[in-house]
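Enquirer: Below are the structure tokens for one structure; questions will follow.
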Amino acid sequence: MGAALAAALILPATAGAAIDSVPFDTPFATPSCPELNGVPCKAITRTIGYQAKVGAKRGLMAVAKNGRLVSWTIKLGKPSAAEIKFFEKNFGGPAQASIAVLRTGRKLRARVVAVSPPVTLTKYFGTTAEFPLETTIPVEKGWVIGVSVPSWAPAFAVNLGGDTSWRASRKQKACNDFTTQTAAAVNAVPQFYCLYRTEQLTYSARVIANP
């Protein structure tokens with residue numbers, strides 16, 4: 001199966017211009033919820049994640065120029081009532097997410113520089129929602145924009161190509177532990193050891209480059 005090109009990218013821009021969150025003429029990959037034609041409803045749970053690769057494109061969520069993060073966007077599936085009940089029971093309540101800023105380091109570790117206030121996502125299921133930040137976040141070239149999910153979020157496309165992958169803030173030997181809380185707080189330095197292939201996190205961010 002061919003890879004879907006990511007919409008969750010951050011591209012270079014001229015000074016003072018917005019960095020477009022949809023750089024190619026392709027939409028976000030389609031989130032898996034609800035279960036359809038044998039494809040299960042899956043969600044990102046209790047972690048910080050960022051898209052690492054889609055096709056030949058790497059470093060997709062790296063900031064291209066110093067600037068300010070002004071908003072973030074997430075495309076959400078529409079889980080059924082039974083699916084919502086399952087996720088809420090097992091992963092800490094209603095679906096929530098934030099945008100996170102990471103400064104990557106050695107051995108797949110990254111310092112959590114900033115996390116926006118969490119947004120409860122339930123009323124946005126089945127839509128693509130953009131959230132402006134009341135307080136914008138300064139970012140530097142090379143930092144990585146991730147999505148922080150303290151509970152769960154149906155922003156998760158599956159069964160894509162093997163050249164599509166994302167990383168989560170989970171340690172070695174914990175890649176199959178989806179219930180332990182790993183959505184680290186600001187100034188924490190989690191290890192993003194776990195790489196998941198054939199999957200895409202359906203989020204993006206908008207940055208205004210400094211003049």
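To be explicit about the labels: the chains of the structure tokens are called A, B, and onward in the order shown, and within each one the residues are counted from 1, while ligands get numbers from 1 in the order they are shown.
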Name the residues in contact with Tyr203 in chain A at a cut-off of 7 Å, using only C-alpha atoms, excluding same-chain residues fewer than 2 positions from it; report them as a list of chain:residue names.

Expert: A:Ala8, A:Thr73, A:Ile74, A:Lys75, A:Leu201

Enquirer: Can you tell me, as a PyMOL selection string, what residues are no more than 7 Å from Ser32 in chain A when counting only C-alpha atoms, ignoring any on the same chain fewer than 2 positions away?

Expert: chain A and resi 30+34-35+39-42+77+156-158

Enquirer: Keeping only C-alpha atoms, write the selected residues to a file as a short mmCIF file (atom, residue, chain, number, x, y, z; two decimals), in the first residue's frame.

Expert:
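Saved as selection_31.cif:
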data_model
loop_
_atom_site.label_atom_id
_atom_site.label_comp_id
_atom_site.auth_asym_id
_atom_site.auth_seq_id
_atom_site.Cartn_x
_atom_site.Cartn_y
_atom_site.Cartn_z
CA THR A 30 -7.82 9.66 7.16
CA PRO A 34 -14.84 4.47 13.51
CA GLU A 35 -14.03 0.85 12.70
CA VAL A 39 -9.91 -1.46 9.87
CA PRO A 40 -10.06 -1.02 13.66
CA CYS A 41 -10.56 2.27 15.42
CA LYS A 42 -7.19 3.21 16.91
CA GLY A 77 -11.93 10.48 13.43
CA PHE A 156 -4.37 8.34 14.04
CA ALA A 157 -4.20 6.97 10.50
CA VAL A 158 -3.18 3.32 10.06
#

Enquirer: Taking into account only C-alpha atoms, which residue in the set A:Arg106, A:Arg197, A:Lys89, A:Lys141 is nearest to Gly162 in chain A?

Expert: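 Going through A:Arg106, A:Arg197, A:Lys89, A:Lys141 one by one, the smallest distance to Gly162 in chain A is for A:Arg197.
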
Enquirer: From the list A:Ala52, A:Ala64, A:Leu76, A:Cys175, which residue is nearest Trp143 in chain A when using only C-alpha atoms?

Expert: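 Between A:Ala52, A:Ala64, A:Leu76, A:Cys175, the residue approaching Trp143 in chain A most closely is A:Ala64.
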
Enquirer: Env of Arg170 in chain A: 7 Å cut, atoms = only C-alpha atoms, seq-sep filter 3 positions within chain, self excluded. Answer as a list in words.

Expert: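 Result of the neighbour search: Ala174, Cys175, Thr182, Gln191, Phe192, Tyr193 and Cys194 of chain A.
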
Enquirer: Going by DSSP on the backbone, which residues of range 50-191 of chain A come out as strand (DSSP E)? List them as a VMD selection string.

Expert: chain A and resid 50 to 54 57 to 58 67 to 75 96 to 104 110 to 115 119 to 120 128 to 139 144 to 153 156 to 157 164 to 168

Enquirer: Between A:Gln200, A:Ser165, A:Asn210, A:Ser116, single out the one closest to Ser148 in chain A, counting only C-alpha atoms.

Expert: A:Ser116

Enquirer: Need to verify the contact set: Phe131 in chain A, 12 Å, only C-alpha atoms, exclusion of same-chain residues closer than 5 positions in sequence. Can you return it as JSON, numbers by chain?

Expert: {"A": [69, 70, 71, 72, 73, 74, 75, 97, 98, 99, 116, 117, 118, 119, 120, 121, 124, 136, 203, 204, 205, 206]}
